[in-house]
file input-v9.pdb (PDB, C-alpha atoms)
ATOM      1  CA  PRO A 180       0.033  10.747  -1.320
ATOM      2  CA  THR A 181      -1.693  14.095  -1.624
ATOM      3  CA  ARG A 182      -4.021  15.793  -4.044
ATOM      4  CA  GLY A 183      -5.539  19.263  -4.071
ATOM      5  CA  ARG A 184      -4.894  19.959  -0.380
ATOM      6  CA  PRO A 185      -1.622  21.887  -0.212
ATOM      7  CA  LYS A 186      -2.447  23.589   3.099
ATOM      8  CA  LEU A 187      -2.990  20.228   4.791
ATOM      9  CA  LEU A 188       0.268  18.996   3.325
ATOM     10  CA  ARG A 189       2.188  21.933   4.799
ATOM     11  CA  ARG A 190       0.366  21.694   8.138
ATOM     12  CA  MET A 191       1.313  18.062   8.602
ATOM     13  CA  TRP A 192       4.951  18.785   7.726
ATOM     14  CA  LYS A 193       5.148  21.575  10.304
ATOM     15  CA  GLN A 194       3.508  19.462  13.010
ATOM     16  CA  CYS A 195       5.693  16.496  12.230
ATOM     17  CA  LEU A 196       8.857  18.549  12.663
ATOM     18  CA  SER A 197       7.756  20.647  15.641
ATOM     19  CA  LEU A 198       6.824  17.588  17.711
ATOM     20  CA  ALA A 199       9.811  15.418  16.767
ATOM     21  CA  ASN A 200      12.713  15.270  19.194
ATOM     22  CA  HIS A 201      15.070  14.882  16.229
ATOM     23  CA  PRO A 202      13.537  16.770  13.298
ATOM     24  CA  GLU A 203      16.821  16.651  11.424
ATOM     25  CA  ASN A 204      16.258  12.905  10.961
ATOM     26  CA  VAL A 205      12.758  13.192   9.508
ATOM     27  CA  GLU A 206      12.386  12.543   5.796
ATOM     28  CA  TYR A 207       9.196  13.732   4.061
ATOM     29  CA  ILE A 208       8.329  12.078   0.750
ATOM     30  CA  ILE A 209       5.331  13.151  -1.309
ATOM     31  CA  TYR A 210       3.681  11.697  -4.399
ATOM     32  CA  ILE A 211       1.970  14.421  -6.430
ATOM     33  CA  ASP A 212      -0.123  13.803  -9.531
ATOM     34  CA  ASP A 213       1.434  15.642 -12.446
ATOM     35  CA  ASP A 214      -1.788  17.582 -13.113
ATOM     36  CA  ASP A 215      -2.043  18.867  -9.503
ATOM     37  CA  LYS A 216      -0.464  22.255 -10.125
ATOM     38  CA  GLU A 217      -1.552  23.756  -6.815
ATOM     39  CA  THR A 218       0.244  21.067  -4.799
ATOM     40  CA  ILE A 219       3.318  21.267  -7.011
ATOM     41  CA  ARG A 220       3.545  24.984  -6.234
ATOM     42  CA  MET A 221       3.273  24.269  -2.510
ATOM     43  CA  TYR A 222       5.982  21.607  -2.729
ATOM     44  CA  ASN A 223       8.353  24.068  -4.402
ATOM     45  CA  LYS A 224       7.589  26.635  -1.725
ATOM     46  CA  MET A 225       8.259  24.158   1.075
ATOM     47  CA  LYS A 226      11.397  22.907  -0.590
ATOM     48  CA  ASN A 227      12.848  26.374  -0.965
ATOM     49  CA  HIS A 228      11.687  28.181   2.158
ATOM     50  CA  VAL A 229      10.755  25.839   4.995
ATOM     51  CA  LYS A 230      13.393  24.867   7.543
ATOM     52  CA  TYR A 231      14.650  21.363   6.811
ATOM     53  CA  GLY A 232      13.413  21.808   3.263
ATOM     54  CA  ASN A 233      16.294  19.701   2.003
ATOM     55  CA  GLN A 234      14.616  16.709   3.680
ATOM     56  CA  ILE A 235      11.531  16.998   1.460
ATOM     57  CA  LYS A 236      11.369  14.833  -1.650
ATOM     58  CA  ALA A 237       8.615  14.526  -4.205
ATOM     59  CA  ILE A 238       7.637  12.236  -7.033
ATOM     60  CA  ILE A 239       5.598  14.133  -9.613
ATOM     61  CA  GLY A 240       4.073  11.523 -11.854
ATOM     62  CA  GLU A 241       1.038   9.845 -13.349
ATOM     63  CA  LYS A 242      -1.999   8.904 -11.296
ATOM     64  CA  GLN A 243      -1.751   5.420  -9.837
ATOM     65  CA  ASP A 244      -4.527   2.834 -10.087
ATOM     66  CA  LYS A 245      -4.141   1.712  -6.467
ATOM     67  CA  LEU A 246      -3.694   3.844  -3.353
ATOM     68  CA  GLY A 247      -0.987   1.591  -1.970
ATOM     69  CA  GLN A 248       1.135   2.071  -5.040
ATOM     70  CA  TYR A 249       1.585   5.757  -4.190
ATOM     71  CA  HIS A 250       3.248   4.767  -0.919
ATOM     72  CA  ASN A 251       5.299   2.045  -2.568
ATOM     73  CA  GLU A 252       6.666   4.460  -5.149
ATOM     74  CA  CYS A 253       7.622   6.869  -2.364
ATOM     75  CA  TYR A 254       9.418   4.078  -0.527
ATOM     76  CA  LYS A 255      11.669   3.507  -3.523
ATOM     77  CA  ILE A 256      13.323   6.912  -3.066
ATOM     78  CA  SER A 257      13.464   6.825   0.723
ATOM     79  CA  ASN A 258      16.739   6.627   2.634
ATOM     80  CA  ALA A 259      15.052   5.847   5.957
ATOM     81  CA  ASP A 260      15.221   2.595   7.905
ATOM     82  CA  ILE A 261      11.708   3.140   9.285
ATOM     83  CA  VAL A 262       8.859   4.446   7.158
ATOM     84  CA  CYS A 263       5.352   5.649   7.950
ATOM     85  CA  VAL A 264       2.340   5.035   5.718
ATOM     86  CA  MET A 265       0.044   8.052   5.880
ATOM     87  CA  ALA A 266      -1.604  10.780   3.812
ATOM     88  CA  ASP A 267      -1.867  14.556   3.886
ATOM     89  CA  ASP A 268      -4.872  14.584   6.242
ATOM     90  CA  CYS A 269      -2.966  13.325   9.289
ATOM     91  CA  GLU A 270      -2.330  15.398  12.395
ATOM     92  CA  PHE A 271       0.624  14.834  14.746
ATOM     93  CA  LEU A 272      -0.348  15.432  18.383
ATOM     94  CA  THR A 273       2.357  13.738  20.478
ATOM     95  CA  LYS A 274       5.655  15.332  21.442
ATOM     96  CA  GLY A 275       8.592  12.985  20.928
ATOM     97  CA  TRP A 276       6.697  10.709  18.568
ATOM     98  CA  ASP A 277       9.934   9.814  16.759
ATOM     99  CA  ASP A 278      11.676   8.478  19.867
ATOM    100  CA  MET A 279       8.584   6.435  20.735
ATOM    101  CA  ILE A 280       8.784   4.732  17.351
ATOM    102  CA  LEU A 281      12.526   4.126  17.602
ATOM    103  CA  ASP A 282      12.153   2.641  21.096
ATOM    104  CA  ALA A 283       9.472   0.220  19.877
ATOM    105  CA  PHE A 284      11.625  -1.097  17.046
ATOM    106  CA  SER A 285      14.691  -1.376  19.282
ATOM    107  CA  GLU A 286      12.925  -4.177  21.160
ATOM    108  CA  ARG A 287      12.783  -6.393  18.075
ATOM    109  CA  GLU A 288      16.094  -7.640  16.711
ATOM    110  CA  ASP A 289      14.907  -8.411  13.180
ATOM    111  CA  LYS A 290      12.741  -5.242  13.076
ATOM    112  CA  ILE A 291       9.805  -7.189  11.586
ATOM    113  CA  LEU A 292       7.105  -5.250  13.390
ATOM    114  CA  LEU A 293       4.118  -3.059  12.606
ATOM    115  CA  VAL A 294       3.860  -0.122  15.018
ATOM    116  CA  TYR A 295       0.883   2.190  15.353
ATOM    117  CA  GLY A 296      -0.835   4.515  17.794
ATOM    118  CA  ASP A 297      -4.198   6.155  18.310
ATOM    119  CA  SER A 298      -5.405   7.544  14.978
ATOM    120  CA  GLY A 299      -8.750   8.744  16.327
ATOM    121  CA  HIS A 300     -10.401   6.114  14.143
ATOM    122  CA  ARG A 301     -11.053   2.788  15.851
ATOM    123  CA  ALA A 302      -7.932   3.614  17.898
ATOM    124  CA  ARG A 303      -6.514   0.351  19.232
ATOM    125  CA  LYS A 304      -8.373  -1.914  16.831
ATOM    126  CA  MET A 305      -6.750  -0.891  13.575
ATOM    127  CA  ALA A 306      -3.425   0.478  12.356
ATOM    128  CA  VAL A 307      -4.812   3.309  10.232
ATOM    129  CA  ILE A 308      -1.404   5.028  10.243
ATOM    130  CA  TRP A 309       1.475   2.611  10.600
ATOM    131  CA  PHE A 310       5.256   2.426  10.836
ATOM    132  CA  VAL A 311       7.347  -0.433   9.460
ATOM    133  CA  HIS A 312      11.058  -1.070   9.089
ATOM    134  CA  LYS A 313      12.636  -1.569   5.680
ATOM    135  CA  ASN A 314      13.085  -5.245   6.630
ATOM    136  CA  TRP A 315       9.298  -5.588   6.687
ATOM    137  CA  VAL A 316       8.973  -3.892   3.315
ATOM    138  CA  GLU A 317      11.726  -5.923   1.679
ATOM    139  CA  THR A 318      10.265  -9.153   3.042
ATOM    140  CA  LEU A 319       6.719  -8.511   1.781
ATOM    141  CA  GLY A 320       7.605  -6.454  -1.263
ATOM    142  CA  TYR A 321       5.484  -3.457  -0.287
ATOM    143  CA  ALA A 322       4.963  -0.769   2.362
ATOM    144  CA  ASN A 323       1.234  -0.592   1.632
ATOM    145  CA  PRO A 324      -0.617  -3.482  -0.060
ATOM    146  CA  PRO A 325      -0.952  -2.701  -3.785
ATOM    147  CA  PHE A 326      -4.121  -4.798  -4.064
ATOM    148  CA  PHE A 327      -6.842  -2.301  -3.160
ATOM    149  CA  ILE A 328      -8.206   0.593  -5.210
ATOM    150  CA  CYS A 329      -8.473   2.859  -2.188
ATOM    151  CA  ALA A 330      -9.423   1.584   1.255
ATOM    152  CA  GLU A 331      -8.647  -1.583   3.227
ATOM    153  CA  GLY A 332      -4.841  -1.584   3.181
ATOM    154  CA  ASP A 333      -4.903  -0.703   6.873
ATOM    155  CA  ARG A 334      -7.137  -3.662   7.692
ATOM    156  CA  TRP A 335      -4.925  -5.958   5.652
ATOM    157  CA  VAL A 336      -1.647  -5.044   7.371
ATOM    158  CA  THR A 337      -3.275  -5.053  10.818
ATOM    159  CA  TYR A 338      -4.650  -8.532  10.291
ATOM    160  CA  LEU A 339      -1.359  -9.782   8.877
ATOM    161  CA  ALA A 340       0.742  -8.362  11.728
ATOM    162  CA  LYS A 341      -1.695  -9.752  14.262
ATOM    163  CA  LYS A 342      -1.526 -13.251  12.812
ATOM    164  CA  ILE A 343       2.279 -13.366  12.942
ATOM    165  CA  ARG A 344       2.276 -11.724  16.386
ATOM    166  CA  ARG A 345       4.206  -8.664  15.274
ATOM    167  CA  LEU A 346       1.625  -5.965  16.036
ATOM    168  CA  CYS A 347       2.679  -3.176  18.386
ATOM    169  CA  TYR A 348       0.142  -0.638  19.645
ATOM    170  CA  LEU A 349       1.417   2.508  21.422
ATOM    171  CA  PRO A 350      -1.552   4.030  23.273
ATOM    172  CA  ASP A 351       0.295   7.245  24.110
ATOM    173  CA  LEU A 352       1.127   7.941  20.474
ATOM    174  CA  GLN A 353      -1.502  10.137  18.823
ATOM    175  CA  ILE A 354      -1.420  10.778  15.085
ATOM    176  CA  PHE A 355      -4.982  11.443  14.058
ATOM    177  CA  HIS A 356      -6.435  10.750  10.651
ATOM    178  CA  ARG A 357      -8.728  13.706   9.915
ATOM    179  CA  PHE A 358     -10.496  12.229   6.896
ATOM    180  CA  ARG A 359     -13.905  13.462   5.782
ATOM    181  CA  LEU A 360     -16.066  11.608   3.302
ATOM    182  CA  THR A 361     -18.986  13.197   1.479
ATOM    183  CA  GLU A 362     -21.965  11.647  -0.251
ATOM    184  CA  GLY A 363     -21.056  10.501  -3.710
ATOM    185  CA  ASP A 364     -17.353  10.317  -2.927
ATOM    186  CA  SER A 365     -15.878   7.322  -4.729
ATOM    187  CA  THR A 366     -13.896   6.507  -1.587
ATOM    188  CA  ASN A 367     -17.166   6.196   0.312
ATOM    189  CA  SER A 368     -18.575   3.613  -2.077
ATOM    190  CA  ILE A 369     -15.342   1.611  -2.034
ATOM    191  CA  ARG A 370     -15.332   1.514   1.760
ATOM    192  CA  ARG A 371     -18.901   0.204   1.813
ATOM    193  CA  ARG A 372     -17.999  -2.503  -0.692
ATOM    194  CA  TYR A 373     -15.376  -4.059   1.577
ATOM    195  CA  ARG A 374     -16.655  -3.186   5.038
ATOM    196  CA  LYS A 375     -18.908  -6.143   5.880
ATOM    197  CA  LYS A 376     -16.585  -8.788   4.492
ATOM    198  CA  MET A 377     -13.436  -7.424   6.097
ATOM    199  CA  LEU A 378     -14.954  -6.598   9.491
ATOM    200  CA  LYS A 379     -16.037 -10.215   9.976
ATOM    201  CA  LEU A 380     -12.481 -11.332   9.346
ATOM    202  CA  TYR A 381     -10.867  -8.514  11.271
ATOM    203  CA  ASP A 382     -12.959  -8.139  14.422
ATOM    204  CA  ARG A 383     -12.962 -11.718  15.636
ATOM    205  CA  ASP A 384      -9.445 -11.384  17.078
ATOM    206  CA  GLU A 385      -8.404  -8.942  19.782
ATOM    207  CA  THR A 386      -5.452  -6.645  19.156
ATOM    208  CA  LEU A 387      -2.340  -8.047  20.788
ATOM    209  CA  ASP A 388      -0.631  -6.213  23.592
ATOM    210  CA  TYR A 389       2.942  -5.217  22.822
ATOM    211  CA  SER A 390       4.110  -7.375  25.705
ATOM    212  CA  LYS A 391       2.778 -10.392  23.813
ATOM    213  CA  THR A 392       4.243  -9.615  20.417
ATOM    214  CA  HIS A 393       7.584 -11.311  21.120
ATOM    215  CA  ILE A 394       7.724 -14.865  19.863
TER
END
call {"tool": "encode", "arguments": {"input": "input-v9.pdb", "output": "structure tokens"}}
result
Amino acid sequence: PTRGRPKLLRRMWKQCLSLANHPENVEYIIYIDDDDKETIRMYNKMKNHVKYGNQIKAIIGEKQDKLGQYHNECYKISNADIVCVMADDCEFLTKGWDDMILDAFSEREDKILLVYGDSGHRARKMAVIWFVHKNWVETLGYANPPFFICAEGDRWVTYLAKKIRRLCYLPDLQIFHRFRLTEGDSTNSIRRRYRKKMLKLYDRDETLDYSKTHI
């Protein structure tokens, strides 16, 4: 999802492609609120002028009540086997990130795995930006949990993947989440609401090494 930050949206797209070993295989799907005219203009510009513009898709629709639902709507129009849950404020830093993801999933026959790297935010402890195969999505019914207004989907999927021993951390993969919260931001208040309860549940287990994720 994106809103009111068209320059960040374009920056992430350029980074994503420039650092991929196979940019022709990258699909970029955006959910844009129908009243976000600035982002709609940027989408049309990217679609018409950026290299690989034919790999950009957008849903222009009504605002969703839950953050996760934005990602789930995007998944519905995706043709990819592996999808990434992220937002417009992410920064790709690792060359060959796409092959790293493909290699991780190749080790698991049923592809039921949650893969993540260093997001610059609690790094190893939480999958802030995560990759899942369509088999994961079809099994659970969602790419991002549709239960939370804004935050906490990342904690949910991390905890779930950890409990079923399907959590894969790639320390050499860096995709940073460059979020900034300001006083009075509704996202800030939502994060505070869940933080204490979820951290008690989340922090009592150590993140599993990839070598231990195979049952």
call {"tool": "closest_atom_pairs", "arguments": {"input": "input-v9.pdb", "of": "region 192-309 of chain A", "to": "region 343-358 of chain A", "cutoff": "8 Å", "atoms": "all atoms listed in the file", "output": "Markdown table"}}
result
| residue | atom | partner | partner_atom | distance |
| --- | --- | --- | --- | --- |
| A:Asp268 | CA | A:Arg357 | CA | 5.4 |
| A:Cys269 | CA | A:His356 | CA | 4.5 |
| A:Glu270 | CA | A:Phe355 | CA | 5.0 |
| A:Phe271 | CA | A:Ile354 | CA | 4.6 |
| A:Leu272 | CA | A:Gln353 | CA | 5.4 |
| A:Thr273 | CA | A:Gln353 | CA | 5.5 |
| A:Trp276 | CA | A:Leu352 | CA | 6.5 |
| A:Met279 | CA | A:Leu352 | CA | 7.6 |
| A:Ala283 | CA | A:Cys347 | CA | 7.7 |
| A:Ile291 | CA | A:Arg345 | CA | 6.9 |
| A:Leu292 | CA | A:Arg345 | CA | 4.9 |
| A:Leu293 | CA | A:Leu346 | CA | 5.1 |
| A:Val294 | CA | A:Cys347 | CA | 4.7 |
| A:Tyr295 | CA | A:Tyr348 | CA | 5.2 |
| A:Gly296 | CA | A:Leu349 | CA | 4.7 |
| A:Asp297 | CA | A:Gln353 | CA | 4.8 |
| A:Ser298 | CA | A:Phe355 | CA | 4.0 |
| A:Gly299 | CA | A:Phe355 | CA | 5.2 |
| A:His300 | CA | A:His356 | CA | 7.0 |
| A:Arg303 | CA | A:Tyr348 | CA | 6.7 |
| A:Val307 | CA | A:His356 | CA | 7.6 |
| A:Ile308 | CA | A:Ile354 | CA | 7.5 |
call {"tool": "resolve_selection", "arguments": {"input": "input-v9.pdb", "expression": "the PyMOL selection byres ((chain A and resi 337) around 8)", "output": "list in words"}}
result
Leu293, Met305, Ala306, Asp333, Arg334, Trp335, Val336, Tyr338, Leu339, Ala340, Lys341 and Leu346 of chain A
call {"tool": "resolve_selection", "arguments": {"input": "input-v9.pdb", "expression": "the PyMOL selection byres ((chain A and resi 326) around 10)", "output": "NGL selection string"}}
result
:A and (244-248 or 323-325 or 327-332 or 335)
call {"tool": "atom_distance", "arguments": {"input": "input-v9.pdb", "atom1": "CA of Pro202 (chain A)", "atom2": "CA of Gln234 (chain A)"}}
result
9.7 Å
call {"tool": "residues_around", "arguments": {"input": "input-v9.pdb", "residues": "region 183-191 of chain A", "least_positions_apart": "5", "cutoff": "10 Å", "atoms": "all atoms listed in the file", "output": "ChimeraX atom specification"}}
result
/A:196-197,209,211-212,214-222,224-225,229,266-271
call {"tool": "atom_distance", "arguments": {"input": "input-v9.pdb", "atom1": "CA of Asn223 (chain A)", "atom2": "CA of Pro180 (chain A)"}}
result
16.0 Å
call {"tool": "atom_distance", "arguments": {"input": "input-v9.pdb", "atom1": "CA of Ile235 (chain A)", "atom2": "CA of Val205 (chain A)"}}
result
9.0 Å
call {"tool": "residues_around", "arguments": {"input": "input-v9.pdb", "residues": "Asn200 (chain A)", "least_positions_apart": "5", "cutoff": "9 Å", "atoms": "only C-alpha atoms", "output": "JSON, numbers by chain"}}
result
{"A": [274, 275, 276, 277, 278]}
call {"tool": "write_last_selection", "arguments": {"input": "input-v9.pdb", "atoms": "C-alpha atoms", "output": "short mmCIF file (atom, residue, chain, number, x, y, z; two decimals), in the coordinates of the input"}}
result
data_model
loop_
_atom_site.label_atom_id
_atom_site.label_comp_id
_atom_site.auth_asym_id
_atom_site.auth_seq_id
_atom_site.Cartn_x
_atom_site.Cartn_y
_atom_site.Cartn_z
CA LYS A 274 5.66 15.33 21.44
CA GLY A 275 8.59 12.98 20.93
CA TRP A 276 6.70 10.71 18.57
CA ASP A 277 9.93 9.81 16.76
CA ASP A 278 11.68 8.48 19.87
#
call {"tool": "closest_residue", "arguments": {"input": "input-v9.pdb", "among": "A:Lys242, A:Lys236, A:Tyr249, A:Arg182", "to": "Val264 (chain A)", "atoms": "all atoms listed in the file"}}
result
A:Tyr249
